[in-house]
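As structure tokens, the structure follows; a few thoughts come after it.
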Amino acid sequence: MTKRITVLGAGMVGRAIIYDLSREYNVTAVDIDDAALEYCKEKFNAITIKEDLSNTESLGKIINGADLVVSAVPGFMGYKTLETAIQKGKDVIDISFMPEDFTTLDKLAQEKNVTAIADCGVAPGMPNIILGHHDQNMQIRKFEYMVGGLPKERKFPFEYKAPFSPVDVLEEYTRPARLMENGEVVSKPAMSEAELIYFEDLGHLEAFNTDGLRSLLTTMEHIPNMKEKTLRYPGHIRLIQALKEAGFFSEKKIQVGDCHVKPVDFTSNLLIDEWKLEEDEEEFTLMKINIRGSEGNQPKDITYELLDRYDPVTGLSSMARTTGFTATAAVNLLTNNIFTQKGVFPPEQIGRENESYEFVMNYLKERNVVYRRK
């Protein structure tokens, strides 16, 4: 019997998930946006439901008939959505990148005999899986990765486009960055320690600290040095820092005429159109992962590189493909009974199992998402 999968969120990343899963499963797409739902219905023959996913009572009813749930909602809705799905006894793959600690739902998931894998996108996600794999055989002293999704055409003033909610992007620019330095977790301002990095075929990009290590700070606390950085075109971060210092990201309401508004809400609403990727706009995703340590008393350095571009055949953006297909690989891990543990897991737990690691890497390669090891 064909599995029934409900995808919560039909934005650009959700669309990639629905596209990939609809070729094998019965897929239901849920969103508040009519245009997004119509696209999924016409292109992928998905069943569509219009619903405000912040309404947990309605959400619980919607997912009742699903065999598995994929949560592609904005981060601020992520924890409650994951909790609701687990409470209903549904296996879940989550890419919401919620600010809360999702592992607090582990006990509930075990009680409900549920498997939930969170943070299962391109980043966090794939660096975790890769690190989990190599941590089995190496004594790792240093782990760092840098990642960014950027438009091919640099358009003034931001030279940036986002395939997901601007609210989630602004989180990267405001949430303090947690790093591991000499065995201690340290907190540094978001966007700190900016540096120019040269990439062949792309030129110089700017890398800066963001809070991307997440679960690795606890599951890999034995690794003394870990860092994650985000990549943008040079100059972008200076502009963002100016907006931040001027108060555009403030959560404190201000009075404008007869209204009281949060500056961050105003800013994110302005950026929805400014940062929106056009349907056929070319962009790319770049990632570099460095692992340094030893194996069998011999020094060992491993580098993985990803450079993925917009796919004109499917019309899917690179960031949507690289994020969405990691999630669908995890879906197939569960439906094929390759990963069978119960509870809530970060992606590094997948990497610890060789069969699961190889499955994910091959799954992505078959879809032309290739992590080249050096």
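Ligands are numbered from 1 in the order shown, chains are lettered A, B, ... in the order of the structure tokens, and residues start at 1 in each chain.
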Checklist entry - If you run DSSP on the backbone, which residues of segment 164-254 of chain A are helix (DSSP H, G or I), as a ChimeraX atom specification? => result /A:166-174,216-219,236-245
Next on the checklist: What's around Ala10 of chain A at 12 Å? Count only C-alpha atoms, leave out sequence neighbours fewer than 5 positions away in its own chain, and write the answer as a ChimeraX atom specification.
Outcome noted: /A:15-19,27-41,44,46-51,53,70-74,163-165,320,324
Checklist entry - When you draw a straight line from atom CA of Asn137 of chain A to atom CA of Asn297 of chain A, how long is it in Å? => result 11.4 Å
Next on the checklist: as an NGL selection string, please: the residues near Trp275 of chain A (cut-off 7 Å, only C-alpha atoms, same-chain neighbours under 4 positions excluded).
Outcome noted: :A and (160-162 or 271)
Write the selection just made, keeping N, CA and C atoms, as an mmCIF file, in the first residue's frame?
```
data_model
loop_
_atom_site.group_PDB
_atom_site.id
_atom_site.type_symbol
_atom_site.label_atom_id
_atom_site.label_comp_id
_atom_site.auth_asym_id
_atom_site.auth_seq_id
_atom_site.Cartn_x
_atom_site.Cartn_y
_atom_site.Cartn_z
ATOM 1 N N TYR A 160 21.139 39.544 -2.519
ATOM 2 C CA TYR A 160 20.738 38.332 -1.822
ATOM 3 C C TYR A 160 19.274 38.034 -2.134
ATOM 4 N N LYS A 161 18.946 36.746 -2.225
ATOM 5 C CA LYS A 161 17.571 36.284 -2.360
ATOM 6 C C LYS A 161 17.382 35.074 -1.448
ATOM 7 N N ALA A 162 16.163 34.882 -0.948
ATOM 8 C CA ALA A 162 15.895 33.784 -0.009
ATOM 9 C C ALA A 162 14.752 32.924 -0.509
ATOM 10 N N LEU A 271 11.053 42.993 3.127
ATOM 11 C CA LEU A 271 12.042 42.118 2.489
ATOM 12 C C LEU A 271 11.423 40.927 1.778
#
```
Checklist entry - What lies within 6 Å of segment 113-125 of chain A using only C-alpha atoms, ignoring chain neighbours under 2 positions off, as a PyMOL selection string? => result chain A and resi 91-95+97+109-111+127-128+322-323+326-327+342-347
Create the file for the chosen residues now, containing N, CA and C atoms and written as a PDB file, in the first residue's frame.
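Dumped to result23.pdb:
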```pdb
ATOM      1  N   ASP A  91       5.351   9.679  12.534  1.00  0.00           N
ATOM      2  CA  ASP A  91       6.761   9.889  12.239  1.00  0.00           C
ATOM      3  C   ASP A  91       6.908  11.231  11.537  1.00  0.00           C
ATOM      4  N   VAL A  92       8.012  11.943  11.836  1.00  0.00           N
ATOM      5  CA  VAL A  92       8.177  13.307  11.332  1.00  0.00           C
ATOM      6  C   VAL A  92       9.596  13.553  10.843  1.00  0.00           C
ATOM      7  N   ILE A  93       9.698  14.233   9.706  1.00  0.00           N
ATOM      8  CA  ILE A  93      10.955  14.829   9.256  1.00  0.00           C
ATOM      9  C   ILE A  93      10.753  16.334   9.295  1.00  0.00           C
ATOM     10  N   ASP A  94      11.648  17.039   9.983  1.00  0.00           N
ATOM     11  CA  ASP A  94      11.451  18.468  10.236  1.00  0.00           C
ATOM     12  C   ASP A  94      12.602  19.303   9.673  1.00  0.00           C
ATOM     13  N   ILE A  95      12.265  20.373   8.946  1.00  0.00           N
ATOM     14  CA  ILE A  95      13.284  21.303   8.447  1.00  0.00           C
ATOM     15  C   ILE A  95      12.964  22.737   8.849  1.00  0.00           C
ATOM     16  N   PHE A  97      13.942  24.352  11.463  1.00  0.00           N
ATOM     17  CA  PHE A  97      15.085  25.001  12.120  1.00  0.00           C
ATOM     18  C   PHE A  97      14.608  25.899  13.261  1.00  0.00           C
ATOM     19  N   ALA A 109       8.202  11.290  22.073  1.00  0.00           N
ATOM     20  CA  ALA A 109       8.303  10.489  20.859  1.00  0.00           C
ATOM     21  C   ALA A 109       8.477   9.004  21.176  1.00  0.00           C
ATOM     22  N   GLN A 110       9.261   8.706  22.202  1.00  0.00           N
ATOM     23  CA  GLN A 110       9.448   7.306  22.588  1.00  0.00           C
ATOM     24  C   GLN A 110       8.148   6.714  23.139  1.00  0.00           C
ATOM     25  N   GLU A 111       7.430   7.523  23.920  1.00  0.00           N
ATOM     26  CA  GLU A 111       6.144   7.061  24.456  1.00  0.00           C
ATOM     27  C   GLU A 111       5.149   6.772  23.339  1.00  0.00           C
ATOM     28  N   PRO A 127      25.949  18.738   7.012  1.00  0.00           N
ATOM     29  CA  PRO A 127      27.205  18.745   7.775  1.00  0.00           C
ATOM     30  C   PRO A 127      27.119  17.850   9.010  1.00  0.00           C
ATOM     31  N   ASN A 128      25.948  17.810   9.641  1.00  0.00           N
ATOM     32  CA  ASN A 128      25.756  16.945  10.803  1.00  0.00           C
ATOM     33  C   ASN A 128      25.896  15.472  10.423  1.00  0.00           C
ATOM     34  N   THR A 322      18.618  21.293  -2.467  1.00  0.00           N
ATOM     35  CA  THR A 322      19.585  20.760  -1.509  1.00  0.00           C
ATOM     36  C   THR A 322      18.972  20.579  -0.126  1.00  0.00           C
ATOM     37  N   THR A 323      18.065  21.476   0.237  1.00  0.00           N
ATOM     38  CA  THR A 323      17.376  21.344   1.521  1.00  0.00           C
ATOM     39  C   THR A 323      16.285  20.277   1.446  1.00  0.00           C
ATOM     40  N   THR A 326      17.382  16.518   0.990  1.00  0.00           N
ATOM     41  CA  THR A 326      17.912  15.918   2.219  1.00  0.00           C
ATOM     42  C   THR A 326      16.755  15.417   3.075  1.00  0.00           C
ATOM     43  N   ALA A 327      15.700  16.232   3.152  1.00  0.00           N
ATOM     44  CA  ALA A 327      14.513  15.827   3.921  1.00  0.00           C
ATOM     45  C   ALA A 327      13.848  14.594   3.307  1.00  0.00           C
ATOM     46  N   LYS A 342      13.523   4.817  17.727  1.00  0.00           N
ATOM     47  CA  LYS A 342      12.394   5.629  18.147  1.00  0.00           C
ATOM     48  C   LYS A 342      12.860   6.760  19.062  1.00  0.00           C
ATOM     49  N   GLY A 343      12.281   7.934  18.849  1.00  0.00           N
ATOM     50  CA  GLY A 343      12.650   9.116  19.610  1.00  0.00           C
ATOM     51  C   GLY A 343      12.826  10.296  18.677  1.00  0.00           C
ATOM     52  N   VAL A 344      13.386  11.378  19.201  1.00  0.00           N
ATOM     53  CA  VAL A 344      13.693  12.567  18.395  1.00  0.00           C
ATOM     54  C   VAL A 344      15.200  12.631  18.199  1.00  0.00           C
ATOM     55  N   PHE A 345      15.625  12.743  16.945  1.00  0.00           N
ATOM     56  CA  PHE A 345      17.046  12.651  16.630  1.00  0.00           C
ATOM     57  C   PHE A 345      17.536  13.854  15.812  1.00  0.00           C
ATOM     58  N   PRO A 346      18.745  14.314  16.106  1.00  0.00           N
ATOM     59  CA  PRO A 346      19.417  15.251  15.211  1.00  0.00           C
ATOM     60  C   PRO A 346      20.031  14.471  14.053  1.00  0.00           C
ATOM     61  N   PRO A 347      20.380  15.132  12.949  1.00  0.00           N
ATOM     62  CA  PRO A 347      20.867  14.408  11.763  1.00  0.00           C
ATOM     63  C   PRO A 347      22.168  13.640  11.981  1.00  0.00           C
TER      64      PRO A 347
END
```
Checklist entry - What is the atom CA of Glu279 of chain A to atom CA of Gly315 of chain A distance in Å? => result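 According to the coordinates, atom CA of Glu279 of chain A and atom CA of Gly315 of chain A are separated by 7.0 Å.
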